[in-house]
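**Student:** Have a look at the structure that comes next, please.
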Amino acid sequence: MSKLPDRIALTKDLSISRMVCGLWQVADIEKNGTVIDPEQGADALQAYARDGFDTFDMADHYGSAEVITGRLLSRYDTGTRPVAFTKWCPEPGPMTADVVRRGVEERLTRLGVDTVDLLQFHWWSFEHPAWLDALHEMQKLREEGLIGALGLTNFDAGHLALALADGIEIATNQVSFSLVDRRAAGPLSELCANSNVKLLAYGTLCGGFLSEKWLGQPEPLNIPDWSRSKYKRFIDTAGGWEAFQGILRAAAGIAAKHGVSISNVASRWVLEHEAVAAMIIGARIGENEHRGDNLNVFSFALDEEDHAALTAAFAGTKPIPGDCGDEYRKPPFLTASGDLSHHLDA
């Protein structure tokens, strides 16, 4: 087993862990009004950083995740501190220089830094054309030094291509990518191969469904947490519970062969795609932690027999419709609530 996660250079100035700790769980914990103590939250993240999981991903709407991470970063010298990614997800409207600067400066303030290591931009509806205005303003702020690297979130291949053609320097695009949702392996990966953009893959474990816990189990009827309810919608759209069990059975056979877990197989399959720089795993604050098991991802590789078994299982499923990010913009809305009500008022 590796002692530390593998690393990769996103840019000449930014090296990251190939396993990024995602902090969406903070929003889930705090959705009922509970607020995590920033110092205690930072203690939990520091334990990850000590084990080499020193790259963290969050967003402006992940509860107090930016504040918690800010407390973590304050404990380090600039040259040795963990890496922090965040996202700016504004509601559609005019993207003036002032609007964009305020959005970026709020991220800096909450993180307590002068430069955001990687700032990722999400846009809810491409029918509103101001997304390109926002990216041009963000590029100016990157040149000013407020943004280290510029990324996108949930952009399809067509709109990523438009941004690149308009001169925007994009380092990454964060998208759903898993054994269940394989859209990113298509046109988006082809574009990345030709443009030096790297993918950050989320949803790789489908909210925990891609694990031994669900192998051979009956279909769940009630799902209390946002993350798992979201990925159950993906499973339903991909052909339902029995088709999903086919993927789990194939992954279980591969896991037994290599002496690893189903989650390791699911992770390895995504990480072996050339376009993928890293995958994002949920960082547990006050819950079960799986750092030791996650390190097993770097202890083996999938062979032709493994890929054949997974491809056979995929044949029993349906492709998730559309391109990456369509789940936020076109029915079926594959979000936690089945629409955008937990993200936007309208």
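So you can find residues: chains in the structure tokens are A, B, ... in the order shown, residues in each start at 1, and ligands are numbered from 1 in order.
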Taking the DSSP secondary structure from the backbone, can you list the residues of range 133-270 of chain A that are strand (DSSP E or B), as a VMD selection string?
**Tutor:** chain A and resid 147 to 153 172 to 176 198 to 202
**Student:** Write out the residues from the selection above, keeping C-alpha atoms, as a PDB file, in the first residue's frame.
**Tutor:**
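Now in out.pdb:
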```pdb
ATOM      1  CA  ILE A 147      -6.544  33.694  -8.595  1.00  0.00           C
ATOM      2  CA  GLY A 148      -3.762  31.140  -8.982  1.00  0.00           C
ATOM      3  CA  ALA A 149      -5.426  28.874 -11.558  1.00  0.00           C
ATOM      4  CA  LEU A 150      -8.822  29.168 -13.192  1.00  0.00           C
ATOM      5  CA  GLY A 151     -11.174  26.214 -13.427  1.00  0.00           C
ATOM      6  CA  LEU A 152     -14.718  25.365 -14.436  1.00  0.00           C
ATOM      7  CA  THR A 153     -17.377  23.194 -12.856  1.00  0.00           C
ATOM      8  CA  THR A 172      -9.492  22.221 -14.956  1.00  0.00           C
ATOM      9  CA  ASN A 173     -13.118  21.235 -15.345  1.00  0.00           C
ATOM     10  CA  GLN A 174     -14.803  19.484 -12.415  1.00  0.00           C
ATOM     11  CA  VAL A 175     -17.473  17.012 -13.517  1.00  0.00           C
ATOM     12  CA  SER A 176     -19.322  13.902 -12.422  1.00  0.00           C
ATOM     13  CA  LYS A 198      -7.532  18.344 -16.776  1.00  0.00           C
ATOM     14  CA  LEU A 199     -10.671  16.849 -15.278  1.00  0.00           C
ATOM     15  CA  LEU A 200     -11.403  16.762 -11.563  1.00  0.00           C
ATOM     16  CA  ALA A 201     -13.833  13.890 -11.066  1.00  0.00           C
ATOM     17  CA  TYR A 202     -16.538  13.997  -8.420  1.00  0.00           C
TER      18      TYR A 202
END
```
**Student:** Which residues come within 10 Å of Leu141 in chain A, counting only C-alpha atoms, excluding same-chain residues fewer than 3 positions away, as JSON, numbers by chain?
**Tutor:** {"A": [97, 100, 101, 104, 105, 115, 135, 136, 137, 138, 144, 145, 146, 147, 148, 150]}
**Student:** Find the residues around range 305-316 of chain A up to 7 Å (only C-alpha atoms counted), leave out those fewer than 4 positions away in its own chain, and share them as a PyMOL selection string.
**Tutor:** chain A and resi 243+246-247+250+254
**Student:** Since we have the selection now, will you write its residues out, keeping N, CA, C and O atoms, as a compact mmCIF listing (two decimals), in the first residue's frame?
**Tutor:**
```txt
# COMPACT_ATOMS: atom_id res chain seq x y z
N ALA A 243 -29.53 -3.17 -12.63
CA ALA A 243 -28.41 -2.85 -13.52
C ALA A 243 -27.20 -2.37 -12.71
O ALA A 243 -26.05 -2.73 -13.00
N GLY A 246 -25.30 -5.15 -11.21
CA GLY A 246 -24.40 -5.78 -12.17
C GLY A 246 -23.03 -5.14 -12.15
O GLY A 246 -22.00 -5.82 -12.22
N ILE A 247 -23.00 -3.80 -12.05
CA ILE A 247 -21.72 -3.09 -11.95
C ILE A 247 -21.03 -3.45 -10.64
O ILE A 247 -19.82 -3.69 -10.60
N ALA A 250 -19.47 -6.92 -10.82
CA ALA A 250 -18.24 -6.93 -11.62
C ALA A 250 -17.09 -6.30 -10.83
O ALA A 250 -15.97 -6.83 -10.81
N ILE A 254 -13.38 -7.98 -9.39
CA ILE A 254 -12.07 -7.35 -9.63
C ILE A 254 -11.40 -7.01 -8.30
O ILE A 254 -10.19 -7.21 -8.12
```
**Student:** Can you tell me which residues surround Ala47 in chain A at a distance of at most 12 Å, considering only C-alpha atoms, apart from same-chain residues fewer than 3 positions away, and format the answer as a list of chain:residue names?
**Tutor:** A:Cys21, A:Gln40, A:Gly41, A:Ala42, A:Asp43, A:Ala44, A:Arg50, A:Asp51, A:Gly52, A:Phe53, A:Asp54, A:Leu72, A:Pro82, A:Ala283, A:Arg284, A:Ile285, A:Gly286, A:Glu289, A:Arg291
**Student:** Taking 6 positions as the minimum chain separation for residues in the same chain, which residues sit within 10 Å of His159 in chain A when counting only C-alpha atoms? Answer as a PyMOL selection string.
**Tutor:** chain A and resi 126+131-132+165
**Student:** Mind dumping the selected residues with all heavy atoms as an mmCIF file, in the first residue's frame?
**Tutor:**
```cif
data_model
loop_
_atom_site.group_PDB
_atom_site.id
_atom_site.type_symbol
_atom_site.label_atom_id
_atom_site.label_comp_id
_atom_site.auth_asym_id
_atom_site.auth_seq_id
_atom_site.Cartn_x
_atom_site.Cartn_y
_atom_site.Cartn_z
ATOM 1 N N PHE A 126 -26.773 28.188 -19.549
ATOM 2 C CA PHE A 126 -26.051 28.786 -20.671
ATOM 3 C C PHE A 126 -26.961 29.631 -21.559
ATOM 4 O O PHE A 126 -26.475 30.326 -22.458
ATOM 5 C CB PHE A 126 -25.355 27.701 -21.493
ATOM 6 C CG PHE A 126 -24.191 27.058 -20.786
ATOM 7 C CD1 PHE A 126 -24.107 25.678 -20.681
ATOM 8 C CD2 PHE A 126 -23.189 27.830 -20.228
ATOM 9 C CE1 PHE A 126 -23.039 25.074 -20.034
ATOM 10 C CE2 PHE A 126 -22.105 27.243 -19.579
ATOM 11 C CZ PHE A 126 -22.040 25.861 -19.482
ATOM 12 N N TRP A 131 -21.956 34.270 -18.845
ATOM 13 C CA TRP A 131 -20.908 33.392 -18.299
ATOM 14 C C TRP A 131 -19.542 33.713 -18.908
ATOM 15 O O TRP A 131 -18.518 33.664 -18.214
ATOM 16 C CB TRP A 131 -21.267 31.918 -18.527
ATOM 17 C CG TRP A 131 -21.376 31.492 -19.955
ATOM 18 C CD1 TRP A 131 -22.476 31.574 -20.759
ATOM 19 C CD2 TRP A 131 -20.336 30.906 -20.759
ATOM 20 N NE1 TRP A 131 -22.191 31.077 -22.014
ATOM 21 C CE2 TRP A 131 -20.893 30.653 -22.039
ATOM 22 C CE3 TRP A 131 -19.015 30.563 -20.521
ATOM 23 C CZ2 TRP A 131 -20.166 30.088 -23.078
ATOM 24 C CZ3 TRP A 131 -18.280 29.981 -21.559
ATOM 25 C CH2 TRP A 131 -18.853 29.752 -22.816
ATOM 26 N N LEU A 132 -19.522 34.074 -20.182
ATOM 27 C CA LEU A 132 -18.239 34.374 -20.814
ATOM 28 C C LEU A 132 -17.688 35.712 -20.319
ATOM 29 O O LEU A 132 -16.469 35.866 -20.156
ATOM 30 C CB LEU A 132 -18.417 34.377 -22.337
ATOM 31 C CG LEU A 132 -17.167 34.107 -23.185
ATOM 32 C CD1 LEU A 132 -16.401 32.882 -22.704
ATOM 33 C CD2 LEU A 132 -17.553 33.960 -24.645
ATOM 34 N N ALA A 165 -11.632 28.884 -26.973
ATOM 35 C CA ALA A 165 -11.504 29.611 -28.233
ATOM 36 C C ALA A 165 -11.530 31.115 -28.014
ATOM 37 O O ALA A 165 -10.972 31.880 -28.826
ATOM 38 C CB ALA A 165 -12.633 29.196 -29.183
#
```
**Student:** Pick the closest to Leu10 in chain A from A:Ala278, A:Pro38, A:Arg75, A:Ile235: which is it, counting only C-alpha atoms?
**Tutor:**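 Smallest separation from Leu10 in chain A among the options: A:Ala278.
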**Student:** From the options A:Asp98, A:Glu91, A:Glu106, A:Glu304, which residue's atoms come nearest to Ser125 in chain A, counting only C-alpha atoms?
**Tutor:** A:Glu91
**Student:** Residues within 8 Å of Leu205 in chain A, please, as a list in words. Count only C-alpha atoms; anything in the same chain fewer than 4 positions from it doesn't count.
**Tutor:**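 Close residues of Leu205 in chain A: Ser178, Phe209, Leu210, Ser211, Ser263, Ala266, Ser267 and Ile281 of chain A.
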**Student:** Can you pull out the residues contacting His128 in chain A? Cut-off 9 Å, using only C-alpha atoms, and skip same-chain residues under 4 positions away; I want them as a ChimeraX atom specification.
**Tutor:** /A:92-93,123-124
**Student:** Just checking: using only C-alpha atoms, which residue out of A:Arg81, A:Asn294, A:Val67, A:Pro319 ends up closest to Pro5 in chain A?
**Tutor:**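 Counting only C-alpha atoms, the residue closest to Pro5 in chain A is A:Asn294.
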**Student:** Just to confirm, what's the straight-line distance from CA of Phe177 in chain A to CA of Trp24 in chain A in Å (one decimal)?
**Tutor:** 16.5 Å
**Student:** Among the residues of range 87-269 of chain A, find those DSSP assigns to helix (DSSP H, G or I) from the backbone and print them as a ChimeraX atom specification.
**Tutor:** /A:97-111,131-144,157-165,183-185,187-195,206-208,212-214,226-237,241-258,262-269
**Student:** For those residues, write C-alpha atoms to a file as an mmCIF file, in the first residue's frame.
**Tutor:**
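Wrote part37.cif, looks like this:
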```
data_model
loop_
_atom_site.group_PDB
_atom_site.id
_atom_site.type_symbol
_atom_site.label_atom_id
_atom_site.label_comp_id
_atom_site.auth_asym_id
_atom_site.auth_seq_id
_atom_site.Cartn_x
_atom_site.Cartn_y
_atom_site.Cartn_z
ATOM 1 C CA ALA A 97 -16.162 43.782 -13.258
ATOM 2 C CA ASP A 98 -17.513 44.837 -9.852
ATOM 3 C CA VAL A 99 -19.811 41.809 -9.507
ATOM 4 C CA VAL A 100 -17.023 39.384 -10.364
ATOM 5 C CA ARG A 101 -14.460 41.093 -8.134
ATOM 6 C CA ARG A 102 -16.878 40.973 -5.172
ATOM 7 C CA GLY A 103 -17.477 37.278 -5.754
ATOM 8 C CA VAL A 104 -13.762 36.529 -5.876
ATOM 9 C CA GLU A 105 -12.862 38.769 -2.945
ATOM 10 C CA GLU A 106 -15.482 37.054 -0.781
ATOM 11 C CA ARG A 107 -13.723 33.753 -1.453
ATOM 12 C CA LEU A 108 -10.381 35.322 -0.475
ATOM 13 C CA THR A 109 -11.843 36.755 2.722
ATOM 14 C CA ARG A 110 -13.488 33.516 3.833
ATOM 15 C CA LEU A 111 -10.334 31.513 3.081
ATOM 16 C CA TRP A 131 -20.908 33.392 -18.299
ATOM 17 C CA LEU A 132 -18.239 34.374 -20.814
ATOM 18 C CA ASP A 133 -18.148 37.934 -19.437
ATOM 19 C CA ALA A 134 -17.543 36.453 -15.990
ATOM 20 C CA LEU A 135 -14.673 34.301 -17.226
ATOM 21 C CA HIS A 136 -12.963 37.239 -18.923
ATOM 22 C CA GLU A 137 -13.167 39.221 -15.686
ATOM 23 C CA MET A 138 -11.859 36.247 -13.712
ATOM 24 C CA GLN A 139 -8.945 35.953 -16.126
ATOM 25 C CA LYS A 140 -8.085 39.597 -15.411
ATOM 26 C CA LEU A 141 -8.157 38.857 -11.668
ATOM 27 C CA ARG A 142 -5.897 35.854 -12.258
ATOM 28 C CA GLU A 143 -3.415 38.139 -14.020
ATOM 29 C CA GLU A 144 -3.752 40.499 -11.045
ATOM 30 C CA ALA A 157 -17.450 19.949 -24.055
ATOM 31 C CA GLY A 158 -19.099 22.557 -26.292
ATOM 32 C CA HIS A 159 -18.994 25.411 -23.780
ATOM 33 C CA LEU A 160 -15.491 24.509 -22.611
ATOM 34 C CA ALA A 161 -14.409 24.696 -26.250
ATOM 35 C CA LEU A 162 -16.047 28.133 -26.579
ATOM 36 C CA ALA A 163 -14.227 29.436 -23.499
ATOM 37 C CA LEU A 164 -10.886 28.159 -24.776
ATOM 38 C CA ALA A 165 -11.504 29.611 -28.233
ATOM 39 C CA ARG A 183 -20.272 10.842 -19.902
ATOM 40 C CA ALA A 184 -16.891 12.461 -19.216
ATOM 41 C CA ALA A 185 -15.114 9.645 -21.090
ATOM 42 C CA PRO A 187 -16.202 14.294 -26.167
ATOM 43 C CA LEU A 188 -15.049 16.077 -23.007
ATOM 44 C CA SER A 189 -12.033 13.787 -22.594
ATOM 45 C CA GLU A 190 -11.228 14.164 -26.294
ATOM 46 C CA LEU A 191 -11.245 17.959 -25.928
ATOM 47 C CA CYS A 192 -9.076 17.793 -22.813
ATOM 48 C CA ALA A 193 -6.514 15.671 -24.653
ATOM 49 C CA ASN A 194 -6.140 18.429 -27.242
ATOM 50 C CA SER A 195 -6.214 21.437 -24.906
ATOM 51 C CA CYS A 206 -21.789 7.683 -6.087
ATOM 52 C CA GLY A 207 -22.256 8.975 -2.566
ATOM 53 C CA GLY A 208 -21.009 5.664 -1.106
ATOM 54 C CA GLU A 212 -19.474 -3.509 -0.398
ATOM 55 C CA LYS A 213 -22.230 -2.079 1.802
ATOM 56 C CA TRP A 214 -24.697 -2.111 -1.110
ATOM 57 C CA TRP A 226 -28.314 14.992 0.096
ATOM 58 C CA SER A 227 -25.309 13.300 -1.484
ATOM 59 C CA ARG A 228 -26.752 9.803 -1.522
ATOM 60 C CA SER A 229 -30.199 10.948 -2.681
ATOM 61 C CA LYS A 230 -28.501 12.702 -5.617
ATOM 62 C CA TYR A 231 -26.591 9.624 -6.753
ATOM 63 C CA LYS A 232 -29.600 7.355 -6.351
ATOM 64 C CA ARG A 233 -31.157 9.472 -9.128
ATOM 65 C CA PHE A 234 -28.131 8.697 -11.300
ATOM 66 C CA ILE A 235 -28.541 4.974 -10.570
ATOM 67 C CA ASP A 236 -32.227 5.099 -11.468
ATOM 68 C CA THR A 237 -31.511 6.935 -14.717
ATOM 69 C CA TRP A 241 -31.063 -0.994 -9.067
ATOM 70 C CA GLU A 242 -30.556 -4.370 -10.766
ATOM 71 C CA ALA A 243 -28.414 -2.848 -13.517
ATOM 72 C CA PHE A 244 -26.403 -1.115 -10.792
ATOM 73 C CA GLN A 245 -25.973 -4.428 -8.981
ATOM 74 C CA GLY A 246 -24.401 -5.784 -12.172
ATOM 75 C CA ILE A 247 -21.722 -3.090 -11.948
ATOM 76 C CA LEU A 248 -21.212 -3.809 -8.241
ATOM 77 C CA ARG A 249 -20.831 -7.546 -8.902
ATOM 78 C CA ALA A 250 -18.238 -6.929 -11.617
ATOM 79 C CA ALA A 251 -16.335 -4.511 -9.391
ATOM 80 C CA ALA A 252 -16.489 -6.975 -6.489
ATOM 81 C CA GLY A 253 -14.875 -9.687 -8.600
ATOM 82 C CA ILE A 254 -12.073 -7.348 -9.626
ATOM 83 C CA ALA A 255 -11.645 -6.176 -6.028
ATOM 84 C CA ALA A 256 -11.273 -9.757 -4.778
ATOM 85 C CA LYS A 257 -8.699 -10.490 -7.486
ATOM 86 C CA HIS A 258 -6.509 -7.535 -6.446
ATOM 87 C CA ILE A 262 -15.067 -2.102 -4.529
ATOM 88 C CA SER A 263 -14.525 1.599 -3.875
ATOM 89 C CA ASN A 264 -10.863 1.196 -4.815
ATOM 90 C CA VAL A 265 -11.850 -0.385 -8.132
ATOM 91 C CA ALA A 266 -14.366 2.386 -8.840
ATOM 92 C CA SER A 267 -11.732 5.005 -8.058
ATOM 93 C CA ARG A 268 -8.997 3.294 -10.056
ATOM 94 C CA TRP A 269 -11.215 3.084 -13.151
#
```
